[in-house]
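Have a look at data28.pdb below; it lists PDB, C-alpha atoms.
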ATOM      1  CA  MET A   1      79.475 -98.140  17.209
ATOM      2  CA  ALA A   2      76.453 -97.120  19.189
ATOM      3  CA  ILE A   3      72.866 -96.033  18.837
ATOM      4  CA  LEU A   4      72.696 -92.638  20.532
ATOM      5  CA  ASP A   5      69.821 -91.323  22.631
ATOM      6  CA  ILE A   6      67.460 -89.005  20.746
ATOM      7  CA  LEU A   7      66.501 -85.720  22.397
ATOM      8  CA  VAL A   8      62.742 -85.377  22.423
ATOM      9  CA  TYR A   9      60.738 -82.139  22.517
ATOM     10  CA  PRO A  10      60.254 -80.272  24.931
ATOM     11  CA  ASP A  11      63.967 -80.781  25.666
ATOM     12  CA  PRO A  12      65.236 -77.150  25.460
ATOM     13  CA  ARG A  13      68.505 -78.284  23.873
ATOM     14  CA  LEU A  14      66.627 -78.871  20.605
ATOM     15  CA  LYS A  15      66.267 -75.080  20.339
ATOM     16  CA  GLN A  16      70.033 -74.555  20.549
ATOM     17  CA  ILE A  17      71.972 -73.297  17.494
ATOM     18  CA  SER A  18      74.800 -75.613  16.433
ATOM     19  CA  ASP A  19      78.400 -74.548  15.754
ATOM     20  CA  PRO A  20      80.337 -75.040  12.502
ATOM     21  CA  VAL A  21      82.637 -78.069  12.340
ATOM     22  CA  THR A  22      86.292 -77.036  12.187
ATOM     23  CA  LYS A  23      88.176 -80.266  12.941
ATOM     24  CA  PHE A  24      87.893 -83.107  10.432
ATOM     25  CA  ASP A  25      89.470 -85.818  12.564
ATOM     26  CA  SER A  26      88.805 -89.420  13.536
ATOM     27  CA  ALA A  27      86.489 -88.330  16.370
ATOM     28  CA  LEU A  28      84.256 -86.685  13.743
ATOM     29  CA  LYS A  29      84.180 -89.897  11.682
ATOM     30  CA  ASP A  30      83.353 -91.983  14.760
ATOM     31  CA  PHE A  31      80.514 -89.652  15.630
ATOM     32  CA  ILE A  32      79.140 -89.703  12.078
ATOM     33  CA  ARG A  33      79.149 -93.519  12.183
ATOM     34  CA  ASP A  34      77.109 -93.479  15.416
ATOM     35  CA  LEU A  35      74.779 -90.810  14.056
ATOM     36  CA  ASN A  36      74.164 -92.931  10.961
ATOM     37  CA  GLU A  37      73.464 -95.997  13.056
ATOM     38  CA  THR A  38      71.005 -93.978  15.159
ATOM     39  CA  MET A  39      69.220 -92.806  11.992
ATOM     40  CA  LEU A  40      68.982 -96.367  10.646
ATOM     41  CA  ALA A  41      67.453 -97.492  13.968
ATOM     42  CA  GLY A  42      64.555 -95.037  13.526
ATOM     43  CA  PRO A  43      61.690 -96.706  11.619
ATOM     44  CA  GLY A  44      61.259 -95.100   8.192
ATOM     45  CA  CYS A  45      63.809 -92.454   9.072
ATOM     46  CA  VAL A  46      65.434 -90.676   6.096
ATOM     47  CA  GLY A  47      67.507 -88.053   7.885
ATOM     48  CA  ILE A  48      69.054 -87.000  11.161
ATOM     49  CA  ALA A  49      70.864 -83.945  12.514
ATOM     50  CA  ALA A  50      73.616 -83.943  15.154
ATOM     51  CA  PRO A  51      71.681 -81.809  17.679
ATOM     52  CA  GLN A  52      68.972 -84.493  17.793
ATOM     53  CA  VAL A  53      71.475 -86.604  19.734
ATOM     54  CA  GLY A  54      72.748 -83.694  21.845
ATOM     55  CA  TYR A  55      75.817 -82.945  19.711
ATOM     56  CA  PHE A  56      75.734 -79.298  18.691
ATOM     57  CA  ASP A  57      77.890 -79.278  15.572
ATOM     58  CA  ARG A  58      76.621 -78.588  12.068
ATOM     59  CA  ILE A  59      76.349 -82.157  10.784
ATOM     60  CA  VAL A  60      73.393 -83.883   9.131
ATOM     61  CA  ILE A  61      72.918 -87.178   7.364
ATOM     62  CA  VAL A  62      70.214 -87.753   4.769
ATOM     63  CA  ASP A  63      69.585 -91.117   3.183
ATOM     64  CA  LEU A  64      66.832 -91.557   0.616
ATOM     65  CA  SER A  65      68.226 -94.774  -0.810
ATOM     66  CA  SER A  66      65.023 -96.469   0.428
ATOM     67  CA  LYS A  67      62.910 -94.056  -1.686
ATOM     68  CA  PRO A  68      63.885 -94.872  -5.284
ATOM     69  CA  LYS A  69      60.726 -93.177  -6.644
ATOM     70  CA  ASN A  70      62.075 -89.786  -5.554
ATOM     71  CA  PRO A  71      65.161 -88.547  -7.414
ATOM     72  CA  ASN A  72      67.964 -88.400  -4.832
ATOM     73  CA  HIS A  73      71.688 -88.673  -4.178
ATOM     74  CA  GLY A  74      71.440 -91.722  -1.872
ATOM     75  CA  LYS A  75      73.189 -91.432   1.457
ATOM     76  CA  LEU A  76      74.873 -88.048   2.038
ATOM     77  CA  VAL A  77      76.888 -86.842   5.004
ATOM     78  CA  LEU A  78      76.574 -83.035   5.029
ATOM     79  CA  VAL A  79      78.991 -81.109   7.228
ATOM     80  CA  ASN A  80      78.471 -77.335   7.539
ATOM     81  CA  PRO A  81      75.648 -77.410   4.968
ATOM     82  CA  VAL A  82      74.425 -74.105   3.540
ATOM     83  CA  ILE A  83      71.451 -73.568   1.238
ATOM     84  CA  VAL A  84      72.740 -71.024  -1.246
ATOM     85  CA  GLU A  85      69.681 -70.889  -3.457
ATOM     86  CA  ALA A  86      66.068 -71.920  -2.980
ATOM     87  CA  SER A  87      63.088 -71.654  -5.293
ATOM     88  CA  GLY A  88      59.448 -72.677  -5.491
ATOM     89  CA  SER A  89      57.338 -73.910  -2.651
ATOM     90  CA  ASN A  90      55.258 -76.951  -1.920
ATOM     91  CA  ILE A  91      53.528 -78.427   1.074
ATOM     92  CA  GLY A  92      54.376 -81.884   2.361
ATOM     93  CA  ARG A  93      53.897 -84.000   5.449
ATOM     94  CA  GLU A  94      56.708 -84.138   7.996
ATOM     95  CA  GLY A  95      57.379 -86.016  11.177
ATOM     96  CA  CYS A  96      60.455 -86.090  13.363
ATOM     97  CA  LEU A  97      62.334 -88.484  15.652
ATOM     98  CA  SER A  98      62.418 -85.664  18.202
ATOM     99  CA  VAL A  99      58.658 -85.077  18.043
ATOM    100  CA  PRO A 100      57.118 -88.549  18.389
ATOM    101  CA  ASP A 101      53.458 -89.108  17.476
ATOM    102  CA  TYR A 102      52.955 -85.929  15.452
ATOM    103  CA  THR A 103      53.159 -85.037  11.804
ATOM    104  CA  GLY A 104      52.398 -81.735  10.147
ATOM    105  CA  ASN A 105      51.940 -80.026   6.796
ATOM    106  CA  ILE A 106      54.965 -77.871   6.132
ATOM    107  CA  ALA A 107      55.799 -75.534   3.234
ATOM    108  CA  ARG A 108      59.362 -75.949   1.912
ATOM    109  CA  ALA A 109      61.283 -74.756  -1.122
ATOM    110  CA  LYS A 110      60.846 -77.107  -4.089
ATOM    111  CA  LYS A 111      64.393 -76.794  -5.391
ATOM    112  CA  ILE A 112      67.577 -75.957  -3.545
ATOM    113  CA  THR A 113      71.252 -75.567  -4.278
ATOM    114  CA  LEU A 114      73.321 -76.714  -1.372
ATOM    115  CA  THR A 115      76.991 -76.513  -0.460
ATOM    116  CA  ALA A 116      78.420 -78.777   2.207
ATOM    117  CA  GLN A 117      81.609 -80.521   3.225
ATOM    118  CA  ASP A 118      82.001 -84.273   3.522
ATOM    119  CA  GLU A 119      83.555 -85.973   6.533
ATOM    120  CA  GLU A 120      87.043 -85.375   5.080
ATOM    121  CA  GLY A 121      86.365 -81.634   4.745
ATOM    122  CA  ASN A 122      86.046 -81.615   0.933
ATOM    123  CA  GLU A 123      83.603 -79.057  -0.466
ATOM    124  CA  HIS A 124      80.643 -80.248  -2.561
ATOM    125  CA  SER A 125      77.702 -78.619  -4.247
ATOM    126  CA  TYR A 126      74.345 -80.345  -4.781
ATOM    127  CA  GLN A 127      71.175 -79.562  -6.717
ATOM    128  CA  MET A 128      68.125 -81.104  -5.083
ATOM    129  CA  LYS A 129      64.396 -81.048  -5.586
ATOM    130  CA  GLY A 130      61.203 -82.437  -4.092
ATOM    131  CA  PHE A 131      61.386 -84.887  -1.228
ATOM    132  CA  GLU A 132      65.179 -84.844  -0.939
ATOM    133  CA  ALA A 133      65.220 -81.016  -0.818
ATOM    134  CA  ARG A 134      62.541 -81.205   1.877
ATOM    135  CA  VAL A 135      64.549 -83.640   4.004
ATOM    136  CA  VAL A 136      67.653 -81.444   3.805
ATOM    137  CA  GLN A 137      65.670 -78.323   4.773
ATOM    138  CA  HIS A 138      64.121 -80.201   7.715
ATOM    139  CA  GLU A 139      67.551 -81.363   8.950
ATOM    140  CA  ILE A 140      69.267 -77.984   8.493
ATOM    141  CA  ASP A 141      66.459 -76.453  10.568
ATOM    142  CA  HIS A 142      67.636 -78.642  13.470
ATOM    143  CA  LEU A 143      71.088 -77.002  13.231
ATOM    144  CA  ASP A 144      69.364 -73.646  13.739
ATOM    145  CA  GLY A 145      67.218 -74.810  16.649
ATOM    146  CA  LEU A 146      64.028 -75.119  14.601
ATOM    147  CA  LEU A 147      61.561 -78.006  14.621
ATOM    148  CA  PHE A 148      58.840 -78.660  12.045
ATOM    149  CA  LEU A 149      56.462 -77.505  14.792
ATOM    150  CA  ASP A 150      57.890 -73.999  14.255
ATOM    151  CA  ARG A 151      56.753 -74.088  10.636
ATOM    152  CA  LEU A 152      53.303 -75.658  10.935
ATOM    153  CA  VAL A 153      50.807 -74.220   8.517
ATOM    154  CA  CYS A 154      47.555 -75.640   9.775
ATOM    155  CA  ARG A 155      46.294 -78.929  11.070
ATOM    156  CA  ARG A 156      43.225 -78.507   8.897
ATOM    157  CA  SER A 157      43.250 -77.856   5.197
ATOM    158  CA  GLU A 158      44.812 -74.927   3.437
ATOM    159  CA  LEU A 159      41.556 -73.720   1.908
ATOM    160  CA  PHE A 160      40.013 -70.610   3.401
ATOM    161  CA  PRO A 161      37.024 -68.533   2.357
ATOM    162  CA  ARG A 162      38.048 -65.205   0.860
ATOM    163  CA  GLN A 163      36.952 -61.985   2.520
ATOM    164  CA  ASN A 164      34.730 -59.639   0.545
ATOM    165  CA  TYR A 165      36.760 -56.470   0.427
ATOM    166  CA  ALA A 166      34.425 -54.210  -1.497
ATOM    167  CA  GLU A 167      30.650 -54.366  -1.736
TER     168      GLU A 167
ATOM    169  CA  MET B   1      40.964 -93.022  38.471
ATOM    170  CA  SER B   2      40.198 -90.532  35.742
ATOM    171  CA  SER B   3      38.212 -91.301  32.619
ATOM    172  CA  TRP B   4      38.126 -89.809  29.155
ATOM    173  CA  TYR B   5      35.097 -88.041  27.753
ATOM    174  CA  LEU B   6      34.287 -86.591  24.355
ATOM    175  CA  LEU B   7      32.406 -83.337  24.751
ATOM    176  CA  THR B   8      30.423 -81.851  21.887
ATOM    177  CA  LEU B   9      29.207 -78.257  22.137
ATOM    178  CA  VAL B  10      27.355 -76.576  19.289
ATOM    179  CA  GLY B  11      25.682 -73.195  18.957
ATOM    180  CA  LYS B  12      25.543 -69.897  17.139
ATOM    181  CA  ASP B  13      29.032 -68.405  16.933
ATOM    182  CA  ARG B  14      30.024 -65.488  19.126
ATOM    183  CA  PRO B  15      33.280 -64.305  20.706
ATOM    184  CA  GLY B  16      34.452 -65.974  23.916
ATOM    185  CA  ILE B  17      33.055 -69.488  23.484
ATOM    186  CA  VAL B  18      36.426 -71.295  23.425
ATOM    187  CA  ALA B  19      37.822 -69.303  26.342
ATOM    188  CA  GLY B  20      34.629 -69.801  28.373
ATOM    189  CA  VAL B  21      34.352 -73.548  27.797
ATOM    190  CA  THR B  22      38.039 -74.397  28.230
ATOM    191  CA  THR B  23      38.357 -72.227  31.346
ATOM    192  CA  ALA B  24      35.400 -74.036  32.916
ATOM    193  CA  LEU B  25      37.015 -77.393  32.099
ATOM    194  CA  TYR B  26      40.372 -76.262  33.471
ATOM    195  CA  LYS B  27      38.852 -74.964  36.703
ATOM    196  CA  MET B  28      37.151 -78.277  37.396
ATOM    197  CA  GLY B  29      40.436 -80.149  36.978
ATOM    198  CA  ALA B  30      39.872 -81.594  33.510
ATOM    199  CA  ASN B  31      42.856 -82.203  31.217
ATOM    200  CA  LEU B  32      42.188 -81.581  27.526
ATOM    201  CA  GLY B  33      43.241 -83.892  24.711
ATOM    202  CA  GLU B  34      42.829 -83.434  20.969
ATOM    203  CA  ALA B  35      40.181 -80.978  19.887
ATOM    204  CA  SER B  36      38.414 -79.742  16.798
ATOM    205  CA  MET B  37      36.934 -76.278  17.222
ATOM    206  CA  VAL B  38      35.647 -74.770  14.031
ATOM    207  CA  GLN B  39      33.028 -72.469  12.609
ATOM    208  CA  LEU B  40      30.575 -74.184  10.262
ATOM    209  CA  GLY B  41      28.321 -71.676   8.577
ATOM    210  CA  GLY B  42      27.489 -69.272  11.376
ATOM    211  CA  ASN B  43      27.656 -71.993  14.009
ATOM    212  CA  PHE B  44      30.550 -72.788  16.255
ATOM    213  CA  THR B  45      31.304 -76.435  16.918
ATOM    214  CA  ILE B  46      33.555 -77.852  19.593
ATOM    215  CA  MET B  47      34.520 -81.480  19.893
ATOM    216  CA  VAL B  48      37.114 -81.991  22.574
ATOM    217  CA  LEU B  49      38.556 -84.946  24.440
ATOM    218  CA  ALA B  50      38.907 -84.354  28.168
ATOM    219  CA  GLN B  51      40.281 -86.437  30.987
ATOM    220  CA  TYR B  52      38.324 -85.985  34.206
ATOM    221  CA  LYS B  53      38.291 -87.660  37.602
ATOM    222  CA  GLY B  54      34.533 -87.449  38.179
ATOM    223  CA  THR B  55      31.508 -89.027  36.569
ATOM    224  CA  GLU B  56      29.783 -88.033  33.352
ATOM    225  CA  LYS B  57      26.975 -86.550  35.458
ATOM    226  CA  GLU B  58      29.379 -84.356  37.458
ATOM    227  CA  LEU B  59      31.118 -83.224  34.260
ATOM    228  CA  SER B  60      27.776 -82.329  32.749
ATOM    229  CA  GLU B  61      26.687 -80.372  35.852
ATOM    230  CA  PHE B  62      29.903 -78.333  35.776
ATOM    231  CA  ILE B  63      29.763 -77.526  32.067
ATOM    232  CA  LEU B  64      26.022 -76.866  31.682
ATOM    233  CA  PRO B  65      26.162 -73.326  33.168
ATOM    234  CA  VAL B  66      28.797 -72.196  30.658
ATOM    235  CA  ALA B  67      26.981 -73.987  27.828
ATOM    236  CA  LYS B  68      23.792 -72.106  28.810
ATOM    237  CA  LYS B  69      25.673 -68.818  29.025
ATOM    238  CA  PHE B  70      26.755 -69.145  25.382
ATOM    239  CA  ASP B  71      23.539 -70.881  24.163
ATOM    240  CA  LEU B  72      25.419 -74.064  23.318
ATOM    241  CA  ARG B  73      23.971 -77.551  23.191
ATOM    242  CA  LEU B  74      26.084 -80.003  25.169
ATOM    243  CA  HIS B  75      26.565 -83.690  24.550
ATOM    244  CA  ILE B  76      28.984 -85.950  26.444
ATOM    245  CA  ASP B  77      30.212 -89.432  25.522
ATOM    246  CA  SER B  78      32.375 -91.640  27.660
ATOM    247  CA  VAL B  79      35.309 -92.864  25.516
ATOM    248  CA  LEU B  80      38.417 -95.043  25.780
ATOM    249  CA  GLU B  81      41.772 -93.409  26.453
ATOM    250  CA  PRO B  82      42.684 -91.745  23.142
ATOM    251  CA  LYS B  83      45.836 -92.534  21.195
ATOM    252  CA  HIS B  84      47.707 -89.988  19.100
ATOM    253  CA  GLN B  85      47.402 -90.647  15.361
ATOM    254  CA  THR B  86      46.738 -94.367  15.505
ATOM    255  CA  SER B  87      46.987 -94.384  11.731
ATOM    256  CA  LEU B  88      48.806 -91.985   9.435
ATOM    257  CA  PRO B  89      47.044 -90.954   6.228
ATOM    258  CA  ASP B  90      48.840 -92.108   3.095
ATOM    259  CA  VAL B  91      46.611 -90.392   0.567
ATOM    260  CA  ARG B  92      44.959 -87.015   0.098
ATOM    261  CA  ILE B  93      42.026 -86.607  -2.260
ATOM    262  CA  THR B  94      40.413 -83.427  -3.534
ATOM    263  CA  VAL B  95      37.048 -83.508  -5.282
ATOM    264  CA  TYR B  96      35.271 -80.404  -6.516
ATOM    265  CA  GLY B  97      32.571 -79.366  -8.899
ATOM    266  CA  ALA B  98      29.453 -77.262  -9.394
ATOM    267  CA  ASP B  99      27.465 -77.585  -6.187
ATOM    268  CA  ARG B 100      24.577 -80.070  -6.200
ATOM    269  CA  SER B 101      23.190 -82.690  -3.835
ATOM    270  CA  GLY B 102      24.961 -86.035  -3.724
ATOM    271  CA  ILE B 103      28.620 -85.142  -4.331
ATOM    272  CA  VAL B 104      29.813 -86.330  -0.919
ATOM    273  CA  ALA B 105      27.672 -89.458  -0.968
ATOM    274  CA  GLU B 106      28.781 -90.452  -4.470
ATOM    275  CA  ALA B 107      32.442 -89.759  -3.927
ATOM    276  CA  THR B 108      32.771 -91.367  -0.503
ATOM    277  CA  THR B 109      30.734 -94.453  -1.473
ATOM    278  CA  ALA B 110      32.937 -95.079  -4.501
ATOM    279  CA  LEU B 111      36.091 -94.464  -2.468
ATOM    280  CA  ALA B 112      34.941 -96.695   0.401
ATOM    281  CA  ASN B 113      34.307 -99.528  -2.076
ATOM    282  CA  ALA B 114      37.843 -99.021  -3.398
ATOM    283  CA  GLY B 115      39.345 -99.411   0.078
ATOM    284  CA  LEU B 116      39.607 -95.857   1.401
ATOM    285  CA  ASN B 117      39.428 -95.454   5.153
ATOM    286  CA  ILE B 118      38.698 -91.769   5.810
ATOM    287  CA  LEU B 119      40.659 -90.161   8.658
ATOM    288  CA  ASN B 120      39.730 -86.564   7.967
ATOM    289  CA  LEU B 121      37.172 -84.903   5.709
ATOM    290  CA  GLU B 122      36.545 -81.217   5.273
ATOM    291  CA  SER B 123      34.307 -79.516   2.799
ATOM    292  CA  ASP B 124      33.415 -76.037   1.788
ATOM    293  CA  VAL B 125      30.802 -74.363  -0.381
ATOM    294  CA  GLY B 126      31.531 -71.038  -1.991
ATOM    295  CA  GLY B 127      31.750 -69.065  -5.168
ATOM    296  CA  GLY B 128      28.595 -66.972  -5.260
ATOM    297  CA  PRO B 129      25.440 -67.794  -7.273
ATOM    298  CA  ASN B 130      27.140 -70.616  -9.201
ATOM    299  CA  SER B 131      28.576 -72.172  -6.097
ATOM    300  CA  ILE B 132      31.388 -74.712  -6.001
ATOM    301  CA  TYR B 133      31.494 -77.672  -3.642
ATOM    302  CA  ILE B 134      34.983 -78.622  -2.469
ATOM    303  CA  LEU B 135      35.820 -81.799  -0.627
ATOM    304  CA  ILE B 136      39.221 -82.559   0.887
ATOM    305  CA  ILE B 137      39.734 -86.048   2.242
ATOM    306  CA  GLU B 138      42.699 -87.728   3.896
ATOM    307  CA  GLY B 139      42.832 -91.401   4.643
ATOM    308  CA  THR B 140      44.518 -94.724   4.208
ATOM    309  CA  ALA B 141      44.324 -96.611   0.917
ATOM    310  CA  ASP B 142      43.728-100.116   2.203
ATOM    311  CA  LYS B 143      43.517-101.641  -1.306
ATOM    312  CA  GLY B 144      46.292 -99.487  -2.769
ATOM    313  CA  ILE B 145      46.331 -96.138  -4.513
ATOM    314  CA  ASP B 146      45.609 -97.456  -8.032
ATOM    315  CA  ALA B 147      42.169 -98.678  -6.921
ATOM    316  CA  LEU B 148      41.336 -95.190  -5.626
ATOM    317  CA  GLN B 149      42.674 -93.505  -8.759
ATOM    318  CA  LYS B 150      40.424 -95.670 -10.896
ATOM    319  CA  VAL B 151      37.214 -94.695  -9.055
ATOM    320  CA  LEU B 152      38.273 -91.034  -9.075
ATOM    321  CA  ASP B 153      38.731 -91.211 -12.865
ATOM    322  CA  ASP B 154      35.253 -92.762 -13.117
ATOM    323  CA  LEU B 155      33.774 -90.005 -10.919
ATOM    324  CA  ALA B 156      35.433 -87.321 -13.025
ATOM    325  CA  ARG B 157      34.032 -88.818 -16.222
ATOM    326  CA  ASP B 158      30.550 -89.883 -15.081
ATOM    327  CA  LYS B 159      29.687 -87.227 -12.489
ATOM    328  CA  LYS B 160      31.411 -84.151 -13.951
ATOM    329  CA  LEU B 161      33.660 -83.671 -10.924
ATOM    330  CA  GLU B 162      37.279 -82.581 -10.790
ATOM    331  CA  THR B 163      39.284 -85.103  -8.811
ATOM    332  CA  ARG B 164      42.860 -85.228  -7.689
ATOM    333  CA  LEU B 165      44.750 -87.811  -5.675
ATOM    334  CA  SER B 166      48.142 -87.142  -4.090
ATOM    335  CA  PRO B 167      50.045 -89.753  -2.124
ATOM    336  CA  ILE B 168      51.186 -88.490   1.265
ATOM    337  CA  ASP B 169      54.793 -89.461   1.733
ATOM    338  CA  THR B 170      55.520 -88.553   5.343
ATOM    339  CA  LEU B 171      59.095 -87.493   5.976
ATOM    340  CA  ILE B 172      60.586 -88.798   9.205
ATOM    341  CA  GLY B 173      63.835 -87.101  10.098
TER     342      GLY B 173
END

As structure tokens - that is how I would like this structure written.
Amino acid sequence: MAILDILVYPDPRLKQISDPVTKFDSALKDFIRDLNETMLAGPGCVGIAAPQVGYFDRIVIVDLSSKPKNPNHGKLVLVNPVIVEASGSNIGREGCLSVPDYTGNIARAKKITLTAQDEEGNEHSYQMKGFEARVVQHEIDHLDGLLFLDRLVCRRSELFPRQNYAE
Amino acid sequence: MSSWYLLTLVGKDRPGIVAGVTTALYKMGANLGEASMVQLGGNFTIMVLAQYKGTEKELSEFILPVAKKFDLRLHIDSVLEPKHQTSLPDVRITVYGADRSGIVAEATTALANAGLNILNLESDVGGGPNSIYILIIEGTADKGIDALQKVLDDLARDKKLETRLSPIDTLIG
């Protein structure tokens, strides 16, 4: 087992799109073990995506077992995850192992329906909401070469004076 | 060795201020850090951290011509090397109500007594003749969130303000 090196922005590899996993073999399981260990080594870290360690396959791990106040599925290994349905929107604060020192307000879907395979290749479907849905959306973005910086709303508040359209 | 300075420039808003000021800083070899540049009323305010090899006097001499060009008042402070987000906010508080004097003073005094350390405060006034005052505060709850919730409930009841507290649970992933 090993803690892998995290790619840090502006490493251009973070913008790369990851490929679907096709082989569910022992190499995949070994990698997932290392990826999990790398996530656990990040202080307060609740998720990680394979491209963050320079491995461009569609694999993410989320683990909200340390956040019992938020309804969640505990630790999940998601291989080839796809959001098949998303609804609602809320704004929450996000940071990232690959973007040290910064956090930002990001709008994400409130509820999602997700399909994904586990490390054996079995298909699963999950309903998620709130913080867990946010974590999954953040990690899937990594598979598509997107960072939370690509979705920043505003460093300042979200309140803006309205224009007067007709006088 | 280069030092860090906090530059404050304030004046009536007009197009080109940000470009003019930052270009002057860039041309003299300054490296910018975090900045807040925002319109307040009809004024434009710039507060920007800049790293610069020369003295405060040299910095001031370089920037004064552009400040004069845009009718901006310039103030420079020498500061320590800045750190990014030395503390993360863990709570966000919104207070609003019919505009009157004292809302900010009352709310922030009560919150300070309950352990709030303010990291960011923005406010706005709007809504026509019966104007609304809106206050958005982010900070750290040094005595816990329950203490803040209690004073916000008191403010809502005693001062006729709408208050809302949301914990900020920062996702790291």

Mind running chain B against chain A at 12 Å and telling me each contacting residue's nearest atom pair with the distance in Å (one decimal), counting all atoms listed in the file, chain and number ascending, as CSV?
residue,atom,partner,partner_atom,distance
B:Glu34,CA,A:Arg155,CA,11.4
B:Ala35,CA,A:Arg155,CA,10.9
B:Ser36,CA,A:Arg156,CA,9.3
B:Met37,CA,A:Arg156,CA,10.7
B:Val38,CA,A:Arg156,CA,9.9
B:Gln39,CA,A:Pro161,CA,11.7
B:Leu40,CA,A:Pro161,CA,11.7
B:Gly41,CA,A:Pro161,CA,11.1
B:Lys83,CA,A:Asp101,CA,9.1
B:His84,CA,A:Asp101,CA,6.0
B:Gln85,CA,A:Asp101,CA,6.6
B:Thr86,CA,A:Asp101,CA,8.8
B:Ser87,CA,A:Asp101,CA,10.1
B:Leu88,CA,A:Thr103,CA,8.5
B:Pro89,CA,A:Arg93,CA,9.8
B:Asp90,CA,A:Arg93,CA,9.8
B:Val91,CA,A:Arg93,CA,10.9
B:Arg92,CA,A:Ser157,CA,10.6
B:Ile93,CA,A:Ser157,CA,11.6
B:Thr94,CA,A:Ser157,CA,10.7
B:Leu119,CA,A:Arg156,CA,11.9
B:Asn120,CA,A:Arg156,CA,8.8
B:Leu121,CA,A:Ser157,CA,9.3
B:Glu122,CA,A:Ser157,CA,7.5
B:Ser123,CA,A:Leu159,CA,9.3
B:Asp124,CA,A:Pro161,CA,8.3
B:Val125,CA,A:Pro161,CA,9.0
B:Gly126,CA,A:Pro161,CA,7.4
B:Gly127,CA,A:Pro161,CA,9.2
B:Gly128,CA,A:Asn164,CA,11.2
B:Ile132,CA,A:Pro161,CA,11.8
B:Ile134,CA,A:Leu159,CA,9.3
B:Leu135,CA,A:Leu159,CA,10.2
B:Ile136,CA,A:Ser157,CA,7.5
B:Ile137,CA,A:Ser157,CA,9.4
B:Glu138,CA,A:Ser157,CA,10.0
B:Ser166,CA,A:Gly92,CA,10.4
B:Pro167,CA,A:Gly92,CA,10.0
B:Ile168,CA,A:Arg93,CA,6.7
B:Asp169,CA,A:Arg93,CA,6.7
B:Thr170,CA,A:Arg93,CA,4.8
B:Leu171,CA,A:Glu94,CA,4.6
B:Ile172,CA,A:Gly95,CA,4.7
B:Gly173,CA,A:Gly47,CA,4.4

Keeping only C-alpha atoms, write the selected residues to a file as an mmCIF file, in the coordinates of the input.
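Result written to result_18.cif:
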data_model
loop_
_atom_site.group_PDB
_atom_site.id
_atom_site.type_symbol
_atom_site.label_atom_id
_atom_site.label_comp_id
_atom_site.auth_asym_id
_atom_site.auth_seq_id
_atom_site.Cartn_x
_atom_site.Cartn_y
_atom_site.Cartn_z
ATOM 1 C CA GLU B 34 42.829 -83.434 20.969
ATOM 2 C CA ALA B 35 40.181 -80.978 19.887
ATOM 3 C CA SER B 36 38.414 -79.742 16.798
ATOM 4 C CA MET B 37 36.934 -76.278 17.222
ATOM 5 C CA VAL B 38 35.647 -74.770 14.031
ATOM 6 C CA GLN B 39 33.028 -72.469 12.609
ATOM 7 C CA LEU B 40 30.575 -74.184 10.262
ATOM 8 C CA GLY B 41 28.321 -71.676 8.577
ATOM 9 C CA LYS B 83 45.836 -92.534 21.195
ATOM 10 C CA HIS B 84 47.707 -89.988 19.100
ATOM 11 C CA GLN B 85 47.402 -90.647 15.361
ATOM 12 C CA THR B 86 46.738 -94.367 15.505
ATOM 13 C CA SER B 87 46.987 -94.384 11.731
ATOM 14 C CA LEU B 88 48.806 -91.985 9.435
ATOM 15 C CA PRO B 89 47.044 -90.954 6.228
ATOM 16 C CA ASP B 90 48.840 -92.108 3.095
ATOM 17 C CA VAL B 91 46.611 -90.392 0.567
ATOM 18 C CA ARG B 92 44.959 -87.015 0.098
ATOM 19 C CA ILE B 93 42.026 -86.607 -2.260
ATOM 20 C CA THR B 94 40.413 -83.427 -3.534
ATOM 21 C CA LEU B 119 40.659 -90.161 8.658
ATOM 22 C CA ASN B 120 39.730 -86.564 7.967
ATOM 23 C CA LEU B 121 37.172 -84.903 5.709
ATOM 24 C CA GLU B 122 36.545 -81.217 5.273
ATOM 25 C CA SER B 123 34.307 -79.516 2.799
ATOM 26 C CA ASP B 124 33.415 -76.037 1.788
ATOM 27 C CA VAL B 125 30.802 -74.363 -0.381
ATOM 28 C CA GLY B 126 31.531 -71.038 -1.991
ATOM 29 C CA GLY B 127 31.750 -69.065 -5.168
ATOM 30 C CA GLY B 128 28.595 -66.972 -5.260
ATOM 31 C CA ILE B 132 31.388 -74.712 -6.001
ATOM 32 C CA ILE B 134 34.983 -78.622 -2.469
ATOM 33 C CA LEU B 135 35.820 -81.799 -0.627
ATOM 34 C CA ILE B 136 39.221 -82.559 0.887
ATOM 35 C CA ILE B 137 39.734 -86.048 2.242
ATOM 36 C CA GLU B 138 42.699 -87.728 3.896
ATOM 37 C CA SER B 166 48.142 -87.142 -4.090
ATOM 38 C CA PRO B 167 50.045 -89.753 -2.124
ATOM 39 C CA ILE B 168 51.186 -88.490 1.265
ATOM 40 C CA ASP B 169 54.793 -89.461 1.733
ATOM 41 C CA THR B 170 55.520 -88.553 5.343
ATOM 42 C CA LEU B 171 59.095 -87.493 5.976
ATOM 43 C CA ILE B 172 60.586 -88.798 9.205
ATOM 44 C CA GLY B 173 63.835 -87.101 10.098
#

Q. How would you write, as a ChimeraX atom specification, the residues chosen by the PyMOL selection byres ((chain A and resi 86) around 8) on this structure?
A. /A:83-85,87-88,109-113

**Q.** Point-to-point distance from atom CA of Gln117 of chain A to atom CA of Val79 of chain A, Å rounded to tenths
**A.** 4.8 Å

Q) Written as a PyMOL selection string, which residues does the PyMOL selection byres ((chain B and resi 159) around 12) give for the file shown? A) chain B and resi 95-107+110+151-158+160-163

Q: Give me, please, the distance in Å between atom CA of Leu74 of chain B and atom CA of Asn117 of chain B, quoted to one decimal.
A: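 These two atoms are separated by 28.6 Å.
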
**Q.** Point-to-point distance from atom CA of Gly33 of chain B to atom CA of Leu49 of chain B, Å rounded to tenths
**A.**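 According to the coordinates, atom CA of Gly33 of chain B and atom CA of Leu49 of chain B are separated by 4.8 Å.
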